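Text of input.txt, listed as compact mmCIF, C-alpha atoms and all ligand atoms:
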# COMPACT_ATOMS: atom_id res chain seq x y z
CA LYS A 1 80.93 31.16 22.17
CA GLU A 2 82.08 34.48 23.60
CA ASN A 3 80.99 33.27 27.03
CA LEU A 4 82.88 30.02 26.62
CA ARG A 5 85.98 31.96 25.67
CA LYS A 6 85.66 34.10 28.76
CA ARG A 7 85.31 31.07 31.01
CA ALA A 8 88.35 29.43 29.42
CA ILE A 9 90.44 32.51 30.15
CA GLU A 10 89.22 32.48 33.76
CA VAL A 11 90.28 28.85 34.17
CA LEU A 12 93.75 29.52 32.79
CA ASP A 13 94.35 32.70 34.75
CA ALA A 14 93.24 31.03 37.98
CA ASN A 15 95.71 28.18 37.42
CA PHE A 16 98.63 30.48 36.64
CA GLN A 17 101.02 30.60 39.63
CA GLU A 18 103.24 33.30 40.97
CA GLY A 19 106.31 31.24 40.19
CA GLY A 20 105.63 31.74 36.47
CA PHE A 21 104.05 28.41 35.56
CA THR A 22 100.54 26.97 35.33
CA ILE A 23 99.17 23.98 37.22
CA PRO A 24 97.04 21.55 35.17
CA SER A 25 94.33 21.34 37.85
CA LYS A 26 94.03 22.49 41.45
CA GLY A 27 94.60 19.78 44.07
CA LEU A 28 95.06 16.90 41.64
CA TYR A 29 98.10 18.29 39.78
CA PRO A 30 99.75 21.09 41.80
CA PHE A 31 103.04 21.49 39.83
CA GLN A 32 104.24 22.12 36.27
CA TRP A 33 103.87 19.21 33.84
CA LYS A 34 105.90 19.16 30.65
CA TRP A 35 103.32 18.53 27.94
CA ASP A 36 100.58 20.37 29.79
CA SER A 37 102.84 23.38 29.89
CA GLY A 38 103.22 23.36 26.11
CA PHE A 39 99.48 23.13 25.39
CA ILE A 40 98.80 25.79 28.01
CA ALA A 41 101.24 28.19 26.30
CA ILE A 42 99.26 27.83 23.05
CA GLY A 43 96.15 29.00 24.90
CA PHE A 44 97.91 31.93 26.53
CA ALA A 45 99.32 33.02 23.15
CA HIS A 46 95.74 33.84 22.11
CA TYR A 47 95.22 36.52 24.75
CA ASP A 48 98.35 37.09 26.88
CA VAL A 49 101.59 36.53 24.99
CA GLU A 50 103.75 37.36 28.00
CA LYS A 51 102.23 34.50 30.01
CA ALA A 52 102.83 32.13 27.10
CA LYS A 53 106.48 33.06 27.05
CA THR A 54 106.80 32.83 30.84
CA GLU A 55 105.32 29.33 30.79
CA ILE A 56 107.83 28.00 28.26
CA HIS A 57 110.70 29.91 29.81
CA SER A 58 110.08 28.37 33.22
CA LEU A 59 109.77 24.87 31.79
CA LEU A 60 113.07 25.20 29.91
CA ASP A 61 114.68 26.66 33.01
CA ALA A 62 114.32 23.22 34.61
CA GLN A 63 116.22 21.49 31.80
CA TRP A 64 119.05 19.21 32.89
CA GLU A 65 122.64 19.61 31.74
CA ASN A 66 122.24 16.68 29.35
CA GLY A 67 119.29 18.30 27.57
CA PHE A 68 116.65 16.23 29.37
CA ILE A 69 113.39 18.00 30.29
CA PRO A 70 111.51 16.36 33.18
CA HIS A 71 107.83 15.44 33.19
CA ILE A 72 107.09 17.26 36.44
CA VAL A 73 108.90 20.31 37.81
CA PHE A 74 108.22 20.46 41.54
CA HIS A 75 108.11 24.21 42.05
CA SER A 76 106.80 23.89 45.60
CA ASP A 77 106.49 21.48 48.53
CA ASN A 78 102.80 20.84 47.96
CA ASP A 79 101.91 17.47 49.47
CA SER A 80 98.54 17.03 47.75
CA TYR A 81 100.27 14.88 45.11
CA PHE A 82 101.85 11.43 45.24
CA PRO A 83 104.56 10.45 44.28
CA GLY A 84 106.39 13.68 45.08
CA PRO A 85 110.06 14.65 44.83
CA ASP A 86 111.15 12.53 47.81
CA PHE A 87 109.94 9.42 46.04
CA HIS A 88 111.49 10.26 42.68
CA GLN A 89 114.88 11.50 43.96
CA SER A 90 115.99 12.48 40.47
CA GLU A 91 118.88 14.45 41.96
CA ARG A 92 120.67 11.09 41.99
CA HIS A 93 121.40 11.76 38.31
CA PRO A 94 124.70 13.67 38.12
CA LEU A 95 123.42 16.07 35.44
CA SER A 96 120.02 16.81 36.95
CA SER A 97 118.88 20.40 37.50
CA LYS A 98 120.55 22.10 40.45
CA LYS A 99 117.77 24.65 40.55
CA TYR A 100 114.56 22.62 40.70
CA ARG A 101 113.54 19.24 42.03
CA SER A 102 111.83 17.18 39.35
CA THR A 103 110.96 13.68 38.25
CA GLY A 104 113.54 11.60 36.40
CA MET A 105 111.20 10.76 33.56
CA THR A 106 110.00 12.87 30.68
CA GLN A 107 106.85 13.44 28.62
CA PRO A 108 106.07 13.87 24.89
CA PRO A 109 108.40 16.44 23.20
CA VAL A 110 105.86 19.14 22.44
CA THR A 111 108.05 22.18 22.97
CA GLY A 112 109.29 22.49 19.37
CA PHE A 113 105.87 22.62 17.77
CA VAL A 114 104.60 24.77 20.62
CA LEU A 115 107.17 27.46 19.76
CA GLN A 116 105.98 27.25 16.15
CA GLU A 117 102.34 27.63 17.25
CA MET A 118 103.24 30.62 19.42
CA TYR A 119 104.85 32.21 16.38
CA ARG A 120 101.79 31.42 14.23
CA ILE A 121 99.41 32.97 16.76
CA ALA A 122 101.49 35.98 17.84
CA GLU A 123 100.56 39.35 16.38
CA ASP A 124 104.01 40.81 16.93
CA LYS A 125 106.07 38.35 14.88
CA GLN A 126 109.41 40.08 15.48
CA ASP A 127 108.93 40.02 19.21
CA MET A 128 108.07 36.32 19.13
CA LEU A 129 111.03 35.54 16.91
CA ALA A 130 113.30 37.17 19.46
CA PHE A 131 111.82 34.85 22.09
CA VAL A 132 112.27 31.86 19.79
CA LYS A 133 115.87 32.84 19.18
CA ASP A 134 116.57 32.90 22.92
CA HIS A 135 115.03 29.47 23.58
CA ILE A 136 115.29 27.32 20.47
CA ASP A 137 118.72 25.86 21.24
CA LYS A 138 117.40 24.40 24.47
CA VAL A 139 114.68 22.60 22.57
CA TYR A 140 117.22 21.37 20.05
CA ALA A 141 119.39 20.10 22.94
CA ASN A 142 116.38 18.20 24.22
CA HIS A 143 116.09 16.42 20.85
CA VAL A 144 119.82 15.63 20.90
CA TYR A 145 119.22 14.04 24.31
CA PHE A 146 116.50 11.81 22.83
CA TYR A 147 118.43 10.69 19.77
CA GLU A 148 121.61 10.06 21.74
CA ASN A 149 120.14 8.35 24.78
CA ARG A 150 116.77 6.86 23.90
CA ASP A 151 117.46 5.12 20.60
CA PRO A 152 119.77 2.15 21.36
CA HIS A 153 119.47 0.58 17.87
CA ASN A 154 119.81 3.87 15.94
CA GLU A 155 116.40 3.55 14.35
CA GLY A 156 115.33 7.15 14.77
CA LEU A 157 112.59 5.84 17.07
CA VAL A 158 113.02 6.76 20.71
CA TYR A 159 111.78 4.68 23.61
CA ILE A 160 109.93 5.54 26.79
CA TYR A 161 110.65 3.59 29.96
CA HIS A 162 107.56 4.48 31.95
CA ASN A 163 103.87 4.76 31.11
CA TRP A 164 103.86 8.27 32.61
CA GLU A 165 106.32 9.27 29.90
CA SER A 166 103.72 8.43 27.25
CA GLY A 167 101.19 10.86 28.70
CA THR A 168 98.52 8.18 28.15
CA ASP A 169 99.10 6.88 31.65
CA ASN A 170 96.81 3.87 32.13
CA SER A 171 96.04 2.98 28.52
CA PRO A 172 95.01 -0.66 27.98
CA VAL A 173 98.01 -0.76 25.64
CA TRP A 174 100.19 -1.30 28.73
CA ASP A 175 98.15 -4.14 30.25
CA ASP A 176 100.19 -6.90 28.63
CA ILE A 177 103.42 -5.34 29.87
CA TRP A 178 102.06 -5.27 33.42
CA SER A 179 101.38 -8.98 33.16
CA THR A 180 105.09 -9.62 32.44
CA MET A 181 105.96 -7.97 35.80
CA ASN A 182 105.32 -8.87 39.40
CA PRO A 183 106.12 -5.82 41.52
CA PRO A 184 105.94 -5.77 45.32
CA GLU A 185 102.81 -4.42 46.98
CA TYR A 186 103.81 -0.92 48.01
CA THR A 187 102.42 0.77 51.08
CA PHE A 188 101.58 4.36 50.26
CA GLU A 189 98.81 6.87 50.47
CA ARG A 190 97.08 7.65 47.17
CA ARG A 191 96.39 11.39 46.84
CA ASP A 192 94.73 11.44 43.42
CA THR A 193 91.70 9.52 44.67
CA THR A 194 91.11 12.11 47.38
CA HIS A 195 90.45 14.60 44.54
CA VAL A 196 88.78 12.37 41.95
CA ASP A 197 86.48 9.33 42.17
CA ALA A 198 88.54 6.12 42.16
CA SER A 199 86.45 4.67 39.30
CA GLN A 200 87.99 7.34 37.03
CA ARG A 201 91.61 6.66 38.04
CA PRO A 202 94.16 3.81 37.77
CA THR A 203 93.94 0.97 40.30
CA LYS A 204 96.21 0.45 43.32
CA ARG A 205 97.80 -2.56 41.61
CA GLU A 206 98.58 -0.45 38.55
CA TYR A 207 100.27 2.10 40.82
CA ASP A 208 102.50 -0.69 42.23
CA HIS A 209 103.82 -1.21 38.69
CA TYR A 210 104.31 2.53 38.15
CA LEU A 211 106.30 2.87 41.40
CA TYR A 212 108.37 -0.22 40.73
CA LEU A 213 109.53 1.17 37.36
CA ILE A 214 110.66 4.33 39.13
CA ASP A 215 112.48 2.27 41.75
CA ILE A 216 114.48 0.45 39.07
CA ALA A 217 115.52 3.73 37.43
CA LYS A 218 116.28 5.26 40.81
CA GLU A 219 118.42 2.34 41.88
CA HIS A 220 120.62 3.07 38.85
CA ASN A 221 120.65 6.84 39.39
CA TYR A 222 118.49 7.37 36.32
CA ASP A 223 121.31 6.25 34.04
CA ASP A 224 119.79 5.88 30.56
CA ALA A 225 122.00 3.01 29.44
CA ARG A 226 121.14 0.98 32.57
CA ILE A 227 117.46 1.73 32.17
CA ALA A 228 117.55 0.57 28.55
CA GLU A 229 119.16 -2.63 29.74
CA LEU A 230 116.93 -3.32 32.72
CA SER A 231 113.53 -1.67 32.58
CA PRO A 232 110.69 -4.17 32.03
CA PHE A 233 108.85 -1.30 30.33
CA LEU A 234 110.61 -0.14 27.14
CA VAL A 235 108.28 1.02 24.40
CA GLN A 236 108.43 2.89 21.09
CA ASP A 237 105.26 4.94 21.31
CA PRO A 238 103.68 6.36 18.12
CA LEU A 239 102.35 9.48 19.87
CA PHE A 240 105.66 10.29 21.53
CA ASN A 241 107.63 9.76 18.31
CA ALA A 242 105.09 11.64 16.18
CA MET A 243 105.48 14.63 18.49
CA LEU A 244 109.25 14.42 18.25
CA ILE A 245 109.03 14.36 14.44
CA LYS A 246 106.54 17.25 14.39
CA SER A 247 108.85 19.22 16.67
CA ASN A 248 111.85 18.47 14.42
CA GLU A 249 109.87 19.89 11.49
CA ALA A 250 109.00 22.95 13.58
CA LEU A 251 112.63 23.53 14.59
CA LEU A 252 113.68 23.37 10.93
CA GLU A 253 111.17 26.08 10.04
CA LEU A 254 112.06 28.23 13.04
CA TYR A 255 115.82 28.04 12.46
CA LYS A 256 115.23 29.31 8.92
CA LEU A 257 113.12 32.18 10.24
CA ILE A 258 115.80 33.34 12.66
CA GLY A 259 118.51 33.35 10.01
CA GLY A 260 119.57 29.74 9.82
CA ASN A 261 121.90 27.33 11.54
CA GLY A 262 123.56 25.07 8.97
CA ASP A 263 124.82 22.33 11.27
CA LYS A 264 121.69 21.98 13.33
CA GLU A 265 119.45 22.06 10.28
CA LYS A 266 121.50 19.33 8.66
CA THR A 267 121.24 17.13 11.74
CA LEU A 268 117.50 17.77 11.99
CA GLN A 269 117.07 16.73 8.36
CA GLN A 270 119.02 13.53 8.94
CA TRP A 271 116.90 12.67 11.97
CA GLN A 272 113.71 13.37 10.03
CA LYS A 273 114.65 11.11 7.18
CA MET A 274 115.52 8.17 9.39
CA SER A 275 112.69 8.67 11.87
CA ILE A 276 109.93 8.96 9.28
CA ARG A 277 111.17 5.98 7.28
CA ASN A 278 111.42 3.66 10.26
CA PHE A 279 108.19 4.94 11.80
CA ASN A 280 106.36 3.86 8.65
CA ASN A 281 108.22 0.57 8.34
CA LYS A 282 108.02 -0.51 11.95
CA LEU A 283 104.94 1.00 13.54
CA PHE A 284 102.26 0.57 10.86
CA ASP A 285 100.01 -2.47 11.24
CA SER A 286 98.37 -3.08 7.89
CA GLU A 287 95.89 -5.60 9.25
CA LEU A 288 94.54 -3.12 11.80
CA GLY A 289 94.92 -0.19 9.39
CA ALA A 290 96.62 1.86 12.10
CA TYR A 291 99.94 2.72 13.73
CA VAL A 292 100.64 0.77 16.91
CA HIS A 293 103.10 0.75 19.81
CA TYR A 294 106.19 -1.47 19.75
CA ASP A 295 107.33 -3.32 22.87
CA LEU A 296 111.09 -3.03 22.62
CA ARG A 297 111.73 -5.07 25.76
CA ASN A 298 109.80 -8.10 24.52
CA GLY A 299 110.45 -7.53 20.82
CA LYS A 300 106.89 -7.35 19.51
CA PRO A 301 104.22 -4.92 18.36
CA ILE A 302 101.37 -4.14 20.78
CA ARG A 303 98.42 -4.54 18.49
CA PHE A 304 95.72 -2.15 19.71
CA VAL A 305 94.15 0.93 18.15
CA SER A 306 94.12 4.06 20.31
CA SER A 307 93.90 7.77 19.59
CA SER A 308 97.73 7.71 19.54
CA SER A 309 97.42 5.53 16.40
CA PHE A 310 96.19 8.55 14.44
CA SER A 311 98.68 11.11 15.77
CA PRO A 312 101.14 10.54 12.85
CA LEU A 313 98.75 12.60 10.70
CA PHE A 314 99.79 15.61 12.80
CA ALA A 315 103.46 15.10 11.88
CA ASN A 316 102.93 14.37 8.16
CA ILE A 317 104.26 10.84 8.58
CA PRO A 318 101.94 8.73 6.35
CA ASP A 319 101.54 9.30 2.61
CA GLN A 320 98.06 10.22 1.36
CA GLU A 321 97.07 6.63 0.66
CA ARG A 322 97.99 5.47 4.14
CA ALA A 323 96.34 8.52 5.67
CA GLU A 324 93.09 7.44 4.01
CA ILE A 325 93.40 3.97 5.56
CA LEU A 326 93.96 5.56 8.99
CA VAL A 327 90.92 7.78 8.69
CA LYS A 328 88.79 4.85 7.57
CA THR A 329 89.86 2.90 10.68
CA MET A 330 89.13 5.90 12.86
CA MET A 331 85.67 6.45 11.45
CA GLU A 332 84.72 2.76 11.58
CA ARG A 333 85.83 2.12 15.13
CA PHE A 334 85.64 5.52 16.85
CA GLY A 335 83.31 7.60 14.73
CA GLY A 336 79.86 5.94 15.00
CA GLU A 337 76.71 8.09 15.08
CA GLY A 338 76.22 7.92 18.83
CA LYS A 339 79.75 9.03 19.63
CA TYR A 340 81.77 12.15 19.93
CA LEU A 341 85.22 11.97 18.39
CA CYS A 342 87.69 10.83 19.46
CA ALA A 343 87.80 8.18 22.18
CA SER A 344 91.29 7.60 23.53
CA PHE A 345 90.98 3.85 23.13
CA ASP A 346 89.21 1.60 20.62
CA PRO A 347 85.50 1.55 21.59
CA THR A 348 85.07 -1.82 19.86
CA ASN A 349 87.67 -3.48 22.11
CA GLU A 350 86.67 -5.23 25.34
CA ARG A 351 89.25 -3.20 27.30
CA PHE A 352 87.46 0.04 26.45
CA ASN A 353 86.08 1.94 29.46
CA PRO A 354 84.34 5.27 28.74
CA LYS A 355 85.05 6.76 32.19
CA LYS A 356 88.49 5.64 33.19
CA TYR A 357 91.23 8.16 32.35
CA TRP A 358 93.11 6.89 29.24
CA ARG A 359 91.07 3.71 28.80
CA GLY A 360 88.45 5.36 26.60
CA PRO A 361 87.44 8.96 27.42
CA VAL A 362 87.94 11.81 24.94
CA TRP A 363 90.86 14.16 25.69
CA ILE A 364 90.93 17.68 24.28
CA ASN A 365 94.69 17.65 23.59
CA MET A 366 94.37 14.53 21.44
CA ASN A 367 91.43 16.09 19.59
CA TRP A 368 93.56 19.15 18.96
CA VAL A 369 96.36 16.98 17.52
CA LEU A 370 93.83 15.13 15.40
CA TYR A 371 92.17 18.30 14.16
CA TYR A 372 95.42 19.67 12.74
CA GLY A 373 96.45 16.23 11.52
CA LEU A 374 93.23 15.80 9.53
CA LYS A 375 93.65 19.31 8.09
CA ASN A 376 97.15 18.39 6.89
CA TYR A 377 95.63 15.77 4.60
CA ARG A 378 92.55 17.82 3.59
CA PHE A 379 90.03 15.77 5.55
CA ASP A 380 88.34 19.08 6.25
CA GLU A 381 84.90 17.76 7.05
CA ILE A 382 86.07 15.24 9.62
CA ALA A 383 88.48 17.79 11.07
CA GLU A 384 85.54 20.14 11.51
CA ARG A 385 83.59 17.41 13.26
CA VAL A 386 86.49 16.89 15.71
CA ARG A 387 86.55 20.63 16.37
CA GLN A 388 82.80 20.85 16.89
CA ASP A 389 82.74 17.73 19.06
CA SER A 390 85.44 19.19 21.32
CA ILE A 391 83.44 22.38 21.79
CA ALA A 392 80.22 20.41 22.36
CA LEU A 393 81.79 18.24 25.06
CA ILE A 394 83.05 21.27 26.99
CA GLU A 395 79.65 22.91 26.61
CA ARG A 396 77.97 19.74 27.85
CA ASP A 397 80.22 19.03 30.85
CA GLY A 398 82.52 21.98 31.58
CA PHE A 399 86.31 22.29 31.51
CA PHE A 400 87.03 18.77 32.64
CA GLU A 401 90.12 16.68 32.16
CA TYR A 402 88.38 13.98 30.07
CA PHE A 403 84.94 13.26 28.69
CA ASP A 404 82.57 10.39 28.00
CA CYS A 405 82.44 9.87 24.21
CA ARG A 406 78.89 8.54 24.27
CA LYS A 407 76.16 10.96 23.23
CA ASP A 408 73.62 9.02 25.22
CA THR A 409 75.41 7.84 28.33
CA GLY A 410 72.27 6.80 30.16
CA GLU A 411 73.80 8.51 33.20
CA SER A 412 72.08 10.95 35.45
CA GLN A 413 75.43 12.19 36.73
CA ARG A 414 77.78 14.47 34.84
CA THR A 415 79.95 12.87 32.19
CA GLY A 416 83.06 15.03 32.34
CA TYR A 417 85.63 13.23 34.47
CA GLY A 418 88.94 13.68 36.32
CA GLY A 419 90.13 17.14 37.33
CA ASN A 420 87.83 20.14 36.90
CA ASN A 421 88.95 23.56 35.60
CA PHE A 422 91.59 21.67 33.68
CA SER A 423 94.11 23.98 32.02
CA TRP A 424 94.74 22.38 28.65
CA SER A 425 91.02 21.82 28.00
CA ALA A 426 90.64 25.60 28.42
CA ALA A 427 93.82 26.50 26.53
CA LEU A 428 93.16 24.38 23.47
CA LEU A 429 89.51 25.37 23.36
CA LEU A 430 90.74 28.94 22.89
CA ASP A 431 92.72 27.74 19.88
CA LEU A 432 89.85 25.66 18.47
CA LEU A 433 87.26 28.43 18.91
CA LYS A 434 89.00 30.99 16.75
C1 LIG B 501 99.35 11.36 37.39
O1 LIG B 501 99.79 11.43 38.53
O2 LIG B 501 98.36 10.70 37.08
C2 LIG B 501 100.03 12.12 36.35
O3 LIG B 501 99.27 12.20 35.20
C3 LIG B 501 101.35 11.53 36.03
O4 LIG B 501 101.92 12.31 35.04
Take the structure I supplied and represent it as structure tokens, if you would.
Amino acid sequence: KENLRKRAIEVLDANFQEGGFTIPSKGLYPFQWKWDSGFIAIGFAHYDVEKAKTEIHSLLDAQWENGFIPHIVFHSDNDSYFPGPDFHQSERHPLSSKKYRSTGMTQPPVTGFVLQEMYRIAEDKQDMLAFVKDHIDKVYANHVYFYENRDPHNEGLVYIYHNWESGTDNSPVWDDIWSTMNPPEYTFERRDTTHVDASQRPTKREYDHYLYLIDIAKEHNYDDARIAELSPFLVQDPLFNAMLIKSNEALLELYKLIGGNGDKEKTLQQWQKMSIRNFNNKLFDSELGAYVHYDLRNGKPIRFVSSSSFSPLFANIPDQERAEILVKTMMERFGGEGKYLCASFDPTNERFNPKKYWRGPVWINMNWVLYYGLKNYRFDEIAERVRQDSIALIERDGFFEYFDCRKDTGESQRTGYGGNNFSWSAALLLDLLK
């Protein structure tokens, strides 16, 4: 284990850039990604607190004037990635960052609970609290952005307008939305498939949909109200909302620790109450025994079980009885003897693909979320299995981006997929090893 720890640190340090941020993976992802950045900071906190702080500081430095935090901060002109800043043109938004070019979409709101984790891990608590004090209002402003701009019906459930905002980019959950659209065939040069085998990445036709959604937002200068009106993709995602709720809870704790902020705490409590209630009422599918996505554009639930379905455990959203139903569903569909936990998509569904990005492979960040979620409800044995499985997969394949969940893959080739020397696999392993 000591050797594994050493290798994880090497991966992270090699991906740390002079500009004060960490790339997810060389070549494939050459900039700073929002949720990657958060998970990476948790890893750094275990051995180099200053780097952890630098990572979060640089992410928050790219925040827009309306509180928005973009999904990619383009710190350089690297052209090994498509679509780059010239495609996104987020500077069309009047309140976009004047300092950094970025995308005009976001990613799951991890920053609140990441600050809390950094505080939990830090040895020098006073020093970390000083850092929290300097940065917490930016994270709060990000939540204000979400509740004010991404929740048109005041449900306490925010929407995403692009699959890249979910983080689970090509999940089969989106397939039925793609079939409501008919985007043009774009001419462009894929860069991802020059780094990674095409069988492990989204298809060209899927990319046409991704680009078309950006074009709609761009045409309206990334105006949230216009996007809510016009985007064919408008989804209330259980993972995204669970992370927002978890981060609200974290902000409440952190504000208390730094001496309190009455108004902000009151608002956070109001959000929590409404968000948790409507999350349980709207996103739980009792027939499937799992939380599901809701298609806000077409007014219907998207009835599939994915690893996102279990993420509410992390944010203390279900009561104990419902948590037991969730875990039963997880073990029945995802937890069979021949499998490592936890596939990203239902292995019993015909859309499952064990090698293709978010259509089935195991992701270490989701396992990390699940591990702490299961602990919250005292499913200690299953939590321990998730922890051990995560370590075993990295031992089997290396620090890859995603992993085949099958114990016996029948493959002669390696079964870790996507980018190699992937930062959050290394960072979260450091947290899981302790
Ligand atoms: C990609 O390009 O696949 C990224 O994951 C988008 O965030």
Exercise for review: Figure out the distance between atom CA of Ala62 of chain A and atom CA of Phe399 of chain A, please, to one decimal in Å.
Suggested key: 28.2 Å
Review point. Between atom CA of Asn278 of chain A and atom CA of Lys300 of chain A, what is the distance, to one decimal in Å?
Key: 15.1 Å
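In this model, the gap between atom CA of Asn261 of chain A and atom CA of Val139 of chain A comes to 14.0 Å.
Restricting the calculation to only C-alpha atoms and all ligand atoms, the smallest distance between ligand LIG 501 (chain B) and any of A:Arg385, A:Lys356, A:Arg303, A:Lys282 is found for A:Lys356.
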Put the listed atoms of segment 128-141 of chain A in a box along x, y and z with 8 Å added on every side and give me the centre and edge lengths in Å to one decimal, as AutoDock Vina command-line options.
--center_x 113.7 --center_y 28.6 --center_z 20.7 --size_x 27.3 --size_y 33.1 --size_z 23.6
Taking N, CA and C atoms as the atom set, what does segment 288-312 of chain A look like once completed, written as an mmCIF file, keeping the file's coordinate frame?
data_model
loop_
_atom_site.group_PDB
_atom_site.id
_atom_site.type_symbol
_atom_site.label_atom_id
_atom_site.label_comp_id
_atom_site.auth_asym_id
_atom_site.auth_seq_id
_atom_site.Cartn_x
_atom_site.Cartn_y
_atom_site.Cartn_z
ATOM 1 N N LEU A 288 95.410 -4.001 11.006
ATOM 2 C CA LEU A 288 94.540 -3.120 11.800
ATOM 3 C C LEU A 288 94.258 -1.809 11.063
ATOM 4 N N GLY A 289 95.081 -1.474 10.091
ATOM 5 C CA GLY A 289 94.920 -0.190 9.390
ATOM 6 C C GLY A 289 95.248 0.982 10.304
ATOM 7 N N ALA A 290 96.280 0.813 11.123
ATOM 8 C CA ALA A 290 96.620 1.860 12.100
ATOM 9 C C ALA A 290 98.067 1.705 12.564
ATOM 10 N N TYR A 291 98.633 2.800 13.066
ATOM 11 C CA TYR A 291 99.940 2.720 13.730
ATOM 12 C C TYR A 291 99.748 2.160 15.129
ATOM 13 N N VAL A 292 100.732 1.380 15.577
ATOM 14 C CA VAL A 292 100.640 0.770 16.910
ATOM 15 C C VAL A 292 101.952 0.988 17.679
ATOM 16 N N HIS A 293 101.916 0.675 18.957
ATOM 17 C CA HIS A 293 103.100 0.750 19.810
ATOM 18 C C HIS A 293 103.986 -0.472 19.557
ATOM 19 N N TYR A 294 105.285 -0.328 19.858
ATOM 20 C CA TYR A 294 106.190 -1.470 19.750
ATOM 21 C C TYR A 294 106.870 -1.711 21.094
ATOM 22 N N ASP A 295 106.739 -2.927 21.595
ATOM 23 C CA ASP A 295 107.330 -3.320 22.870
ATOM 24 C C ASP A 295 108.776 -3.745 22.629
ATOM 25 N N LEU A 296 109.672 -2.828 22.914
ATOM 26 C CA LEU A 296 111.090 -3.030 22.620
ATOM 27 C C LEU A 296 111.714 -4.034 23.582
ATOM 28 N N ARG A 297 111.191 -4.120 24.785
ATOM 29 C CA ARG A 297 111.730 -5.070 25.760
ATOM 30 C C ARG A 297 111.423 -6.503 25.324
ATOM 31 N N ASN A 298 110.199 -6.732 24.874
ATOM 32 C CA ASN A 298 109.800 -8.100 24.520
ATOM 33 C C ASN A 298 109.809 -8.354 23.011
ATOM 34 N N GLY A 299 110.269 -7.351 22.250
ATOM 35 C CA GLY A 299 110.450 -7.530 20.820
ATOM 36 C C GLY A 299 109.203 -7.843 20.021
ATOM 37 N N LYS A 300 108.098 -7.113 20.301
ATOM 38 C CA LYS A 300 106.890 -7.350 19.510
ATOM 39 C C LYS A 300 105.949 -6.153 19.492
ATOM 40 N N PRO A 301 105.194 -6.016 18.404
ATOM 41 C CA PRO A 301 104.220 -4.920 18.360
ATOM 42 C C PRO A 301 103.100 -5.140 19.372
ATOM 43 N N ILE A 302 102.520 -4.044 19.863
ATOM 44 C CA ILE A 302 101.370 -4.140 20.780
ATOM 45 C C ILE A 302 100.148 -3.752 19.958
ATOM 46 N N ARG A 303 99.369 -4.743 19.573
ATOM 47 C CA ARG A 303 98.420 -4.540 18.490
ATOM 48 C C ARG A 303 97.041 -4.051 18.944
ATOM 49 N N PHE A 304 96.992 -2.778 19.347
ATOM 50 C CA PHE A 304 95.720 -2.150 19.710
ATOM 51 C C PHE A 304 95.609 -0.796 19.021
ATOM 52 N N VAL A 305 94.368 -0.391 18.744
ATOM 53 C CA VAL A 305 94.150 0.930 18.150
ATOM 54 C C VAL A 305 93.729 1.903 19.249
ATOM 55 N N SER A 306 94.442 3.022 19.322
ATOM 56 C CA SER A 306 94.120 4.060 20.310
ATOM 57 C C SER A 306 94.166 5.399 19.587
ATOM 58 N N SER A 307 93.838 6.474 20.291
ATOM 59 C CA SER A 307 93.900 7.770 19.590
ATOM 60 C C SER A 307 95.352 8.089 19.196
ATOM 61 N N SER A 308 96.322 7.525 19.917
ATOM 62 C CA SER A 308 97.730 7.710 19.540
ATOM 63 C C SER A 308 98.012 7.151 18.140
ATOM 64 N N SER A 309 97.245 6.149 17.727
ATOM 65 C CA SER A 309 97.420 5.530 16.400
ATOM 66 C C SER A 309 97.248 6.511 15.259
ATOM 67 N N PHE A 310 96.485 7.587 15.513
ATOM 68 C CA PHE A 310 96.190 8.550 14.440
ATOM 69 C C PHE A 310 97.075 9.794 14.497
ATOM 70 N N SER A 311 97.864 9.905 15.586
ATOM 71 C CA SER A 311 98.680 11.110 15.770
ATOM 72 C C SER A 311 99.720 11.335 14.665
ATOM 73 N N PRO A 312 100.173 10.291 13.936
ATOM 74 C CA PRO A 312 101.140 10.540 12.850
ATOM 75 C C PRO A 312 100.621 11.493 11.772
#
